[in-house]
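Asks: If it helps, the file is called model-v9.cif and holds mmCIF, C-alpha atoms and all ligand atoms:
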data_protein
loop_
_atom_site.label_atom_id
_atom_site.label_comp_id
_atom_site.auth_asym_id
_atom_site.auth_seq_id
_atom_site.Cartn_x
_atom_site.Cartn_y
_atom_site.Cartn_z
CA MET A 1 63.76 -2.43 -129.65
CA LYS A 2 64.49 -1.73 -133.31
CA LEU A 3 67.62 -0.53 -135.07
CA ILE A 4 66.73 2.11 -137.62
CA ILE A 5 69.35 2.35 -140.35
CA ALA A 6 68.72 5.46 -142.41
CA ILE A 7 70.78 6.19 -145.51
CA ILE A 8 70.42 9.87 -146.29
CA GLN A 9 72.09 12.61 -148.28
CA ALA A 10 75.23 13.91 -146.55
CA TYR A 11 73.93 17.46 -146.45
CA ASP A 12 70.80 16.40 -144.56
CA SER A 13 72.75 14.70 -141.81
CA ASP A 14 73.45 17.65 -139.47
CA ARG A 15 69.84 18.75 -139.52
CA LEU A 16 68.61 15.21 -138.92
CA LEU A 17 71.06 14.55 -136.08
CA ARG A 18 70.05 17.76 -134.35
CA ALA A 19 66.35 16.95 -134.70
CA VAL A 20 66.61 13.36 -133.43
CA SER A 21 68.80 14.46 -130.52
CA GLU A 22 66.33 17.17 -129.57
CA ALA A 23 63.58 14.54 -129.58
CA GLY A 24 65.60 12.40 -127.15
CA PHE A 25 66.85 9.73 -129.56
CA ARG A 26 70.44 8.55 -129.67
CA ALA A 27 72.14 8.31 -133.02
CA THR A 28 75.40 7.40 -134.72
CA LYS A 29 76.39 8.80 -138.08
CA ILE A 30 78.62 6.76 -140.37
CA VAL A 31 80.08 8.46 -143.39
CA SER A 32 79.19 6.22 -146.32
CA THR A 33 79.23 6.02 -150.10
CA GLY A 34 76.37 5.03 -152.38
CA GLY A 35 77.17 1.97 -154.45
CA PHE A 36 75.53 3.33 -157.60
CA LEU A 37 76.45 7.02 -157.71
CA ARG A 38 79.56 6.53 -155.60
CA MET A 39 78.86 9.85 -153.96
CA GLY A 40 79.21 10.50 -150.25
CA ASN A 41 76.07 9.91 -148.25
CA ALA A 42 75.45 9.35 -144.55
CA THR A 43 74.20 6.31 -142.69
CA VAL A 44 72.52 7.10 -139.39
CA LEU A 45 72.00 4.29 -136.86
CA MET A 46 69.39 4.72 -134.15
CA GLY A 47 68.38 2.22 -131.49
CA VAL A 48 64.73 3.00 -130.82
CA GLU A 49 62.06 1.48 -128.57
CA ASP A 50 59.26 -0.15 -130.62
CA ASP A 51 56.64 2.42 -129.66
CA LEU A 52 58.89 5.29 -130.80
CA VAL A 53 59.74 3.97 -134.27
CA HIS A 54 56.91 5.90 -135.91
CA GLU A 55 58.01 9.18 -134.29
CA CYS A 56 61.58 8.59 -135.40
CA LEU A 57 60.48 7.91 -139.00
CA GLU A 58 58.47 11.13 -138.99
CA ILE A 59 61.55 13.08 -137.93
CA ILE A 60 63.52 11.49 -140.77
CA ARG A 61 60.71 12.36 -143.18
CA THR A 62 60.66 15.99 -142.03
CA ASN A 63 64.40 16.55 -142.12
CA CYS A 64 65.49 14.89 -145.34
CA GLU A 65 65.18 16.84 -148.58
CA PRO A 66 62.43 15.81 -150.98
CA ARG A 67 63.51 13.54 -153.78
CA ALA A 68 64.63 15.16 -157.01
CA GLU A 69 65.67 14.02 -160.47
CA VAL A 70 69.31 14.38 -161.44
CA SER A 71 70.24 14.00 -165.10
CA PHE A 72 73.58 12.86 -166.42
CA ASP A 73 75.05 13.78 -169.76
CA PRO A 74 75.99 10.51 -171.49
CA THR A 75 78.48 12.37 -173.69
CA GLU A 76 80.55 13.35 -170.64
CA HIS A 77 83.90 11.62 -170.48
CA GLU A 78 83.29 10.27 -166.95
CA TYR A 79 79.81 8.94 -167.69
CA ILE A 80 80.93 5.74 -169.39
CA GLU A 81 83.38 5.01 -166.62
CA TRP A 82 80.86 5.49 -163.81
CA PHE A 83 77.37 4.51 -164.91
CA PRO A 84 75.69 1.66 -166.76
CA ILE A 85 74.75 2.57 -170.32
CA GLY A 86 71.20 3.86 -170.54
CA VAL A 87 71.02 5.36 -167.06
CA GLN A 88 70.51 9.08 -167.44
CA ASP A 89 67.99 10.18 -164.84
CA VAL A 90 68.49 9.28 -161.22
CA THR A 91 66.23 10.16 -158.32
CA VAL A 92 68.01 11.34 -155.19
CA GLY A 93 66.89 12.63 -151.81
CA GLY A 94 64.68 11.46 -149.01
CA ALA A 95 65.94 8.45 -147.13
CA VAL A 96 66.35 4.72 -147.54
CA VAL A 97 65.44 3.18 -144.21
CA PHE A 98 65.93 -0.34 -142.89
CA ILE A 99 64.19 -1.28 -139.65
CA VAL A 100 65.81 -4.23 -137.98
CA ARG A 101 64.67 -6.09 -134.86
CA VAL A 102 67.28 -5.92 -132.10
CA SER A 103 67.67 -9.17 -130.17
CA ASP A 104 69.93 -7.74 -127.46
CA PHE A 105 71.13 -4.33 -126.46
CA VAL A 106 74.01 -4.19 -124.03
CA ARG A 107 75.62 -1.08 -122.67
CA ILE A 108 78.93 -1.80 -120.97
CA TYR A 109 80.06 0.54 -118.24
CA PRO A 110 83.57 0.78 -116.87
CA ARG A 111 84.35 -1.44 -113.86
CA ASN A 112 83.14 -0.18 -110.47
CA SER A 113 80.47 1.78 -112.21
CA GLN A 114 76.76 1.20 -112.79
CA SER A 115 75.98 -1.60 -115.29
CA GLY A 116 72.95 -2.43 -117.37
CA VAL A 117 71.73 -4.96 -119.86
CA SER A 118 68.39 -4.81 -121.60
CA HIS A 119 66.85 -7.43 -123.83
CA ASP A 120 64.28 -7.10 -126.55
CA SER A 121 63.12 -9.56 -129.19
P1 LIG B 201 73.38 4.94 -154.51
O1 LIG B 201 73.62 3.48 -154.61
O2 LIG B 201 74.49 5.86 -154.91
O3 LIG B 201 72.07 5.27 -155.36
C1 LIG B 201 71.63 6.61 -155.56
C2 LIG B 201 70.34 6.64 -156.35
O4 LIG B 201 70.59 6.10 -157.66
C3 LIG B 201 69.25 5.75 -155.76
O5 LIG B 201 68.56 6.46 -154.76
C4 LIG B 201 68.41 5.41 -156.97
O6 LIG B 201 67.51 6.48 -157.28
C5 LIG B 201 69.45 5.37 -158.10
N1 LIG B 201 69.87 4.01 -158.39
C6 LIG B 201 70.53 3.15 -157.56
N2 LIG B 201 70.81 2.01 -158.18
C7 LIG B 201 70.32 2.13 -159.44
C8 LIG B 201 70.30 1.28 -160.59
N3 LIG B 201 70.87 0.05 -160.54
N4 LIG B 201 69.72 1.75 -161.74
C9 LIG B 201 69.17 2.98 -161.79
N5 LIG B 201 69.16 3.84 -160.75
C10 LIG B 201 69.73 3.42 -159.58
P2 LIG B 201 67.99 5.67 -153.52
O7 LIG B 201 67.27 4.44 -153.94
O8 LIG B 201 67.25 6.67 -152.70
O9 LIG B 201 69.25 5.19 -152.68
C11 LIG B 201 70.06 6.11 -151.96
C12 LIG B 201 71.23 5.38 -151.35
O10 LIG B 201 70.72 4.44 -150.39
C13 LIG B 201 72.02 4.53 -152.33
O11 LIG B 201 72.99 5.33 -153.00
C14 LIG B 201 72.65 3.50 -151.42
O12 LIG B 201 73.75 4.07 -150.71
C15 LIG B 201 71.54 3.26 -150.40
N6 LIG B 201 70.69 2.12 -150.74
C16 LIG B 201 69.53 2.15 -151.46
N7 LIG B 201 68.98 0.95 -151.53
C17 LIG B 201 69.80 0.13 -150.86
C18 LIG B 201 69.76 -1.27 -150.58
N8 LIG B 201 68.76 -2.09 -151.01
N9 LIG B 201 70.79 -1.80 -149.86
C19 LIG B 201 71.79 -1.02 -149.42
N10 LIG B 201 71.88 0.31 -149.65
C20 LIG B 201 70.89 0.87 -150.36
#
For this file, produce the structure as structure tokens.

Replies:
Amino acid sequence: MKLIIAIIQAYDSDRLLRAVSEAGFRATKIVSTGGFLRMGNATVLMGVEDDLVHECLEIIRTNCEPRAEVSFDPTEHEYIEWFPIGVQDVTVGGAVVFIVRVSDFVRIYPRNSQSGVSHDS
């Protein structure tokens, strides 16, 4: 099993979550903030069987807006406060994806209910 950690633009998150759910994947969205732009983005966590990673990445690719250039005006008052000198054009969009091997996946059920543990390495 792999844990796919996809950092995407906030406005892509509803569309992506709907698409991955429709395809049978389970997902968790964490509201996050980019360290550079300090704008809201979304981090989507998905535990995915190894043979489904490619399908999941394709869904991410299809549902996240293409990358685009955003330009900042260095004469703006807030620019100096927020960005390193010299940075004017920033590319945003698409997704930044980490794929991490999961050593154990445990789902804990309430007592007197069904229980299950699955291992992957
Ligand atoms: P931010 O850190 O807000 O970065 C937004 C975009 O700004 C980046 O898009 C990149 O195009 C640009 N950028 C970032 N750092 C820069 C720098 N030092 N100089 C010039 N331009 C810079 P992406 O690369 O697509 O990243 C989108 C978001 O994904 C990031 O938002 C951050 O939240 C996350 N991310 C990207 N790489 C990461 C990493 N190695 N580790 C953790 N989070 C990462």

Asks: With all atoms listed in the file as the counted atoms, please give the residues lying no more than 12 Å from Thr91 of chain A, apart from itself and same-chain residues fewer than 6 positions off, as a VMD selection string.

Replies: chain A and resid 9 36 to 37 65 to 72

Asks: Would you give the centre and edge lengths, in Å to one decimal, of a box along x, y and z around the listed atoms of ligand LIG 201 (chain B), with 6 Å added to each side, as lines of an AutoDock Vina configuration file?

Replies:
center_x = 70.9
center_y = 2.3
center_z = -155.6
size_x = 19.2
size_y = 20.8
size_z = 24.4

Asks: Using only C-alpha atoms and all ligand atoms, which of the listed residues (A:Thr33, A:Ser13, A:Thr62, A:Ser103) sits closest to ligand LIG 201 (chain B)?

Replies: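 Smallest separation from ligand LIG 201 (chain B) among the options: A:Thr33.
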
Asks: Counting all atoms listed in the file, write as number ranges by chain all protein and nucleic acid residues lying at most 9 Å from (64.5, 5.9, -132.4) in the file's frame.

Replies: A: 1-4, 20, 24-27, 45-50, 52-57

Asks: Let me see the file: selected residues, C-alpha atoms, as a compact mmCIF listing (two decimals), in the frame of the given file.

Replies:
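In the end it all went to out39.txt:
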# COMPACT_ATOMS: atom_id res chain seq x y z
CA MET A 1 63.76 -2.43 -129.65
CA LYS A 2 64.49 -1.73 -133.31
CA LEU A 3 67.62 -0.53 -135.07
CA ILE A 4 66.73 2.11 -137.62
CA VAL A 20 66.61 13.36 -133.43
CA GLY A 24 65.60 12.40 -127.15
CA PHE A 25 66.85 9.73 -129.56
CA ARG A 26 70.44 8.55 -129.67
CA ALA A 27 72.14 8.31 -133.02
CA LEU A 45 72.00 4.29 -136.86
CA MET A 46 69.39 4.72 -134.15
CA GLY A 47 68.38 2.22 -131.49
CA VAL A 48 64.73 3.00 -130.82
CA GLU A 49 62.06 1.48 -128.57
CA ASP A 50 59.26 -0.15 -130.62
CA LEU A 52 58.89 5.29 -130.80
CA VAL A 53 59.74 3.97 -134.27
CA HIS A 54 56.91 5.90 -135.91
CA GLU A 55 58.01 9.18 -134.29
CA CYS A 56 61.58 8.59 -135.40
CA LEU A 57 60.48 7.91 -139.00

Asks: For atom CA of Val102 of chain A and atom C7 of ligand LIG 201 (chain B), determine how far apart the two atoms are, in Å to one decimal place.

Replies: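 Straight-line distance from atom CA of Val102 of chain A to atom C7 of ligand LIG 201 (chain B) works out to 28.7 Å.
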
Asks: Contacts between ligand LIG 201 (chain B) and chain A, please, where a residue of chain A counts if it comes within 12 Å (with only C-alpha atoms and all ligand atoms); show its shortest atom pair and distance in Å to one decimal, rows by chain and ascending number, as a Markdown table.

Replies:
| residue | atom | partner | partner_atom | distance |
| --- | --- | --- | --- | --- |
| A:Ile5 | CA | B:LIG201 | N10 | 9.9 |
| A:Ala6 | CA | B:LIG201 | O10 | 8.3 |
| A:Ile7 | CA | B:LIG201 | O10 | 5.2 |
| A:Ile8 | CA | B:LIG201 | O10 | 6.8 |
| A:Gln9 | CA | B:LIG201 | C11 | 7.7 |
| A:Ala10 | CA | B:LIG201 | C12 | 10.6 |
| A:Ile30 | CA | B:LIG201 | O12 | 11.7 |
| A:Val31 | CA | B:LIG201 | O12 | 10.6 |
| A:Ser32 | CA | B:LIG201 | O12 | 7.3 |
| A:Thr33 | CA | B:LIG201 | O12 | 5.8 |
| A:Gly34 | CA | B:LIG201 | O12 | 3.3 |
| A:Gly35 | CA | B:LIG201 | O1 | 3.9 |
| A:Phe36 | CA | B:LIG201 | O1 | 3.6 |
| A:Leu37 | CA | B:LIG201 | O2 | 3.6 |
| A:Arg38 | CA | B:LIG201 | O2 | 5.2 |
| A:Met39 | CA | B:LIG201 | O2 | 6.0 |
| A:Gly40 | CA | B:LIG201 | O2 | 8.1 |
| A:Asn41 | CA | B:LIG201 | O12 | 6.7 |
| A:Ala42 | CA | B:LIG201 | O12 | 8.3 |
| A:Thr43 | CA | B:LIG201 | O12 | 8.3 |
| A:Val44 | CA | B:LIG201 | O10 | 11.5 |
| A:Cys64 | CA | B:LIG201 | O8 | 11.2 |
| A:Glu65 | CA | B:LIG201 | O8 | 11.2 |
| A:Pro66 | CA | B:LIG201 | O8 | 10.5 |
| A:Arg67 | CA | B:LIG201 | O8 | 7.9 |
| A:Ala68 | CA | B:LIG201 | O6 | 9.1 |
| A:Glu69 | CA | B:LIG201 | O6 | 8.4 |
| A:Val70 | CA | B:LIG201 | O6 | 9.1 |
| A:Ser71 | CA | B:LIG201 | O4 | 10.9 |
| A:Phe72 | CA | B:LIG201 | O4 | 11.5 |
| A:Trp82 | CA | B:LIG201 | O2 | 11.0 |
| A:Phe83 | CA | B:LIG201 | N4 | 8.7 |
| A:Pro84 | CA | B:LIG201 | N4 | 7.8 |
| A:Ile85 | CA | B:LIG201 | N4 | 10.0 |
| A:Gly86 | CA | B:LIG201 | C9 | 9.0 |
| A:Val87 | CA | B:LIG201 | C9 | 6.1 |
| A:Gln88 | CA | B:LIG201 | C9 | 8.4 |
| A:Asp89 | CA | B:LIG201 | N5 | 7.6 |
| A:Val90 | CA | B:LIG201 | O6 | 4.9 |
| A:Thr91 | CA | B:LIG201 | O6 | 4.0 |
| A:Val92 | CA | B:LIG201 | O5 | 4.9 |
| A:Gly93 | CA | B:LIG201 | O8 | 6.0 |
| A:Gly94 | CA | B:LIG201 | O8 | 6.6 |
| A:Ala95 | CA | B:LIG201 | O8 | 6.0 |
| A:Val96 | CA | B:LIG201 | O10 | 5.2 |
| A:Val97 | CA | B:LIG201 | O10 | 8.2 |
| A:Phe98 | CA | B:LIG201 | N9 | 8.6 |

Asks: How many Å lie between atom CA of Asn63 of chain A and atom CA of Leu16 of chain A, rounded to one decimal?

Replies: 5.5 Å

Asks: Mind pulling up the distance from atom CA of Thr28 of chain A to atom CA of Ile108 of chain A?

Replies: 16.9 Å

Asks: Since the input is missing atoms, can you rebuild all heavy atoms for segment 76-87 of chain A and write them as a PDB file, keeping the file's coordinate frame?

Replies:
ATOM      1  N   GLU A  76      79.450  12.975-171.541  1.00  0.00           N
ATOM      2  CA  GLU A  76      80.550  13.350-170.640  1.00  0.00           C
ATOM      3  C   GLU A  76      81.561  12.214-170.563  1.00  0.00           C
ATOM      4  O   GLU A  76      81.185  11.036-170.478  1.00  0.00           O
ATOM      5  CB  GLU A  76      80.005  13.614-169.231  1.00  0.00           C
ATOM      6  CG  GLU A  76      79.309  14.946-169.067  1.00  0.00           C
ATOM      7  CD  GLU A  76      80.294  16.079-168.832  1.00  0.00           C
ATOM      8  OE1 GLU A  76      81.336  15.814-168.204  1.00  0.00           O
ATOM      9  OE2 GLU A  76      80.011  17.196-169.294  1.00  0.00           O
ATOM     10  N   HIS A  77      82.814  12.602-170.526  1.00  0.00           N
ATOM     11  CA  HIS A  77      83.900  11.620-170.480  1.00  0.00           C
ATOM     12  C   HIS A  77      83.711  10.606-169.325  1.00  0.00           C
ATOM     13  O   HIS A  77      83.854   9.401-169.501  1.00  0.00           O
ATOM     14  CB  HIS A  77      85.227  12.354-170.333  1.00  0.00           C
ATOM     15  CG  HIS A  77      86.367  11.453-169.988  1.00  0.00           C
ATOM     16  ND1 HIS A  77      86.845  10.505-170.872  1.00  0.00           N
ATOM     17  CD2 HIS A  77      87.088  11.322-168.854  1.00  0.00           C
ATOM     18  CE1 HIS A  77      87.834   9.846-170.282  1.00  0.00           C
ATOM     19  NE2 HIS A  77      87.989  10.329-169.063  1.00  0.00           N
ATOM     20  N   GLU A  78      83.352  11.138-168.133  1.00  0.00           N
ATOM     21  CA  GLU A  78      83.290  10.270-166.950  1.00  0.00           C
ATOM     22  C   GLU A  78      82.051   9.361-166.929  1.00  0.00           C
ATOM     23  O   GLU A  78      82.006   8.387-166.182  1.00  0.00           O
ATOM     24  CB  GLU A  78      83.287  11.119-165.677  1.00  0.00           C
ATOM     25  CG  GLU A  78      84.652  11.715-165.404  1.00  0.00           C
ATOM     26  CD  GLU A  78      84.604  12.704-164.264  1.00  0.00           C
ATOM     27  OE1 GLU A  78      83.501  13.027-163.799  1.00  0.00           O
ATOM     28  OE2 GLU A  78      85.673  13.152-163.869  1.00  0.00           O
ATOM     29  N   TYR A  79      81.065   9.686-167.747  1.00  0.00           N
ATOM     30  CA  TYR A  79      79.810   8.940-167.690  1.00  0.00           C
ATOM     31  C   TYR A  79      80.035   7.453-167.935  1.00  0.00           C
ATOM     32  O   TYR A  79      79.589   6.603-167.171  1.00  0.00           O
ATOM     33  CB  TYR A  79      78.816   9.526-168.702  1.00  0.00           C
ATOM     34  CG  TYR A  79      77.528   8.742-168.785  1.00  0.00           C
ATOM     35  CD1 TYR A  79      76.470   9.005-167.922  1.00  0.00           C
ATOM     36  CD2 TYR A  79      77.385   7.712-169.719  1.00  0.00           C
ATOM     37  CE1 TYR A  79      75.299   8.265-167.982  1.00  0.00           C
ATOM     38  CE2 TYR A  79      76.219   6.975-169.778  1.00  0.00           C
ATOM     39  CZ  TYR A  79      75.185   7.257-168.919  1.00  0.00           C
ATOM     40  OH  TYR A  79      74.031   6.519-168.983  1.00  0.00           O
ATOM     41  N   ILE A  80      80.752   7.142-168.997  1.00  0.00           N
ATOM     42  CA  ILE A  80      80.930   5.740-169.390  1.00  0.00           C
ATOM     43  C   ILE A  80      81.669   4.965-168.312  1.00  0.00           C
ATOM     44  O   ILE A  80      81.389   3.806-168.035  1.00  0.00           O
ATOM     45  CB  ILE A  80      81.662   5.667-170.751  1.00  0.00           C
ATOM     46  CG1 ILE A  80      80.719   6.204-171.822  1.00  0.00           C
ATOM     47  CG2 ILE A  80      82.149   4.266-171.073  1.00  0.00           C
ATOM     48  CD1 ILE A  80      81.306   6.351-173.191  1.00  0.00           C
ATOM     49  N   GLU A  81      82.602   5.658-167.666  1.00  0.00           N
ATOM     50  CA  GLU A  81      83.380   5.010-166.620  1.00  0.00           C
ATOM     51  C   GLU A  81      82.517   4.691-165.389  1.00  0.00           C
ATOM     52  O   GLU A  81      82.741   3.701-164.712  1.00  0.00           O
ATOM     53  CB  GLU A  81      84.451   6.004-166.164  1.00  0.00           C
ATOM     54  CG  GLU A  81      85.861   5.489-166.237  1.00  0.00           C
ATOM     55  CD  GLU A  81      86.799   6.627-165.910  1.00  0.00           C
ATOM     56  OE1 GLU A  81      87.143   7.385-166.839  1.00  0.00           O
ATOM     57  OE2 GLU A  81      87.133   6.771-164.725  1.00  0.00           O
ATOM     58  N   TRP A  82      81.541   5.555-165.102  1.00  0.00           N
ATOM     59  CA  TRP A  82      80.860   5.490-163.810  1.00  0.00           C
ATOM     60  C   TRP A  82      79.494   4.833-163.838  1.00  0.00           C
ATOM     61  O   TRP A  82      79.057   4.271-162.859  1.00  0.00           O
ATOM     62  CB  TRP A  82      80.718   6.900-163.223  1.00  0.00           C
ATOM     63  CG  TRP A  82      81.998   7.367-162.641  1.00  0.00           C
ATOM     64  CD1 TRP A  82      83.116   7.741-163.328  1.00  0.00           C
ATOM     65  CD2 TRP A  82      82.335   7.465-161.262  1.00  0.00           C
ATOM     66  NE1 TRP A  82      84.122   8.072-162.474  1.00  0.00           N
ATOM     67  CE2 TRP A  82      83.664   7.920-161.187  1.00  0.00           C
ATOM     68  CE3 TRP A  82      81.636   7.230-160.087  1.00  0.00           C
ATOM     69  CZ2 TRP A  82      84.308   8.129-159.983  1.00  0.00           C
ATOM     70  CZ3 TRP A  82      82.280   7.455-158.884  1.00  0.00           C
ATOM     71  CH2 TRP A  82      83.603   7.897-158.832  1.00  0.00           C
ATOM     72  N   PHE A  83      78.760   4.938-164.945  1.00  0.00           N
ATOM     73  CA  PHE A  83      77.370   4.510-164.910  1.00  0.00           C
ATOM     74  C   PHE A  83      77.054   3.497-166.002  1.00  0.00           C
ATOM     75  O   PHE A  83      77.627   3.555-167.091  1.00  0.00           O
ATOM     76  CB  PHE A  83      76.431   5.715-165.053  1.00  0.00           C
ATOM     77  CG  PHE A  83      76.659   6.734-163.986  1.00  0.00           C
ATOM     78  CD1 PHE A  83      77.220   7.955-164.294  1.00  0.00           C
ATOM     79  CD2 PHE A  83      76.329   6.459-162.663  1.00  0.00           C
ATOM     80  CE1 PHE A  83      77.457   8.887-163.297  1.00  0.00           C
ATOM     81  CE2 PHE A  83      76.557   7.383-161.672  1.00  0.00           C
ATOM     82  CZ  PHE A  83      77.124   8.601-161.987  1.00  0.00           C
ATOM     83  N   PRO A  84      76.105   2.596-165.716  1.00  0.00           N
ATOM     84  CA  PRO A  84      75.690   1.660-166.760  1.00  0.00           C
ATOM     85  C   PRO A  84      75.070   2.425-167.920  1.00  0.00           C
ATOM     86  O   PRO A  84      74.382   3.424-167.709  1.00  0.00           O
ATOM     87  CB  PRO A  84      74.616   0.812-166.051  1.00  0.00           C
ATOM     88  CG  PRO A  84      74.722   1.093-164.604  1.00  0.00           C
ATOM     89  CD  PRO A  84      75.367   2.427-164.453  1.00  0.00           C
ATOM     90  N   ILE A  85      75.323   1.942-169.124  1.00  0.00           N
ATOM     91  CA  ILE A  85      74.750   2.570-170.320  1.00  0.00           C
ATOM     92  C   ILE A  85      73.226   2.646-170.160  1.00  0.00           C
ATOM     93  O   ILE A  85      72.595   1.708-169.695  1.00  0.00           O
ATOM     94  CB  ILE A  85      75.069   1.719-171.579  1.00  0.00           C
ATOM     95  CG1 ILE A  85      76.586   1.572-171.751  1.00  0.00           C
ATOM     96  CG2 ILE A  85      74.424   2.295-172.838  1.00  0.00           C
ATOM     97  CD1 ILE A  85      77.324   2.780-172.219  1.00  0.00           C
ATOM     98  N   GLY A  86      72.663   3.747-170.558  1.00  0.00           N
ATOM     99  CA  GLY A  86      71.200   3.860-170.540  1.00  0.00           C
ATOM    100  C   GLY A  86      70.668   4.554-169.304  1.00  0.00           C
ATOM    101  O   GLY A  86      69.516   4.964-169.278  1.00  0.00           O
ATOM    102  N   VAL A  87      71.488   4.681-168.268  1.00  0.00           N
ATOM    103  CA  VAL A  87      71.020   5.360-167.060  1.00  0.00           C
ATOM    104  C   VAL A  87      71.331   6.843-167.206  1.00  0.00           C
ATOM    105  O   VAL A  87      72.478   7.239-167.330  1.00  0.00           O
ATOM    106  CB  VAL A  87      71.704   4.808-165.794  1.00  0.00           C
ATOM    107  CG1 VAL A  87      71.330   5.644-164.576  1.00  0.00           C
ATOM    108  CG2 VAL A  87      71.318   3.370-165.592  1.00  0.00           C
TER     109      VAL A  87
END
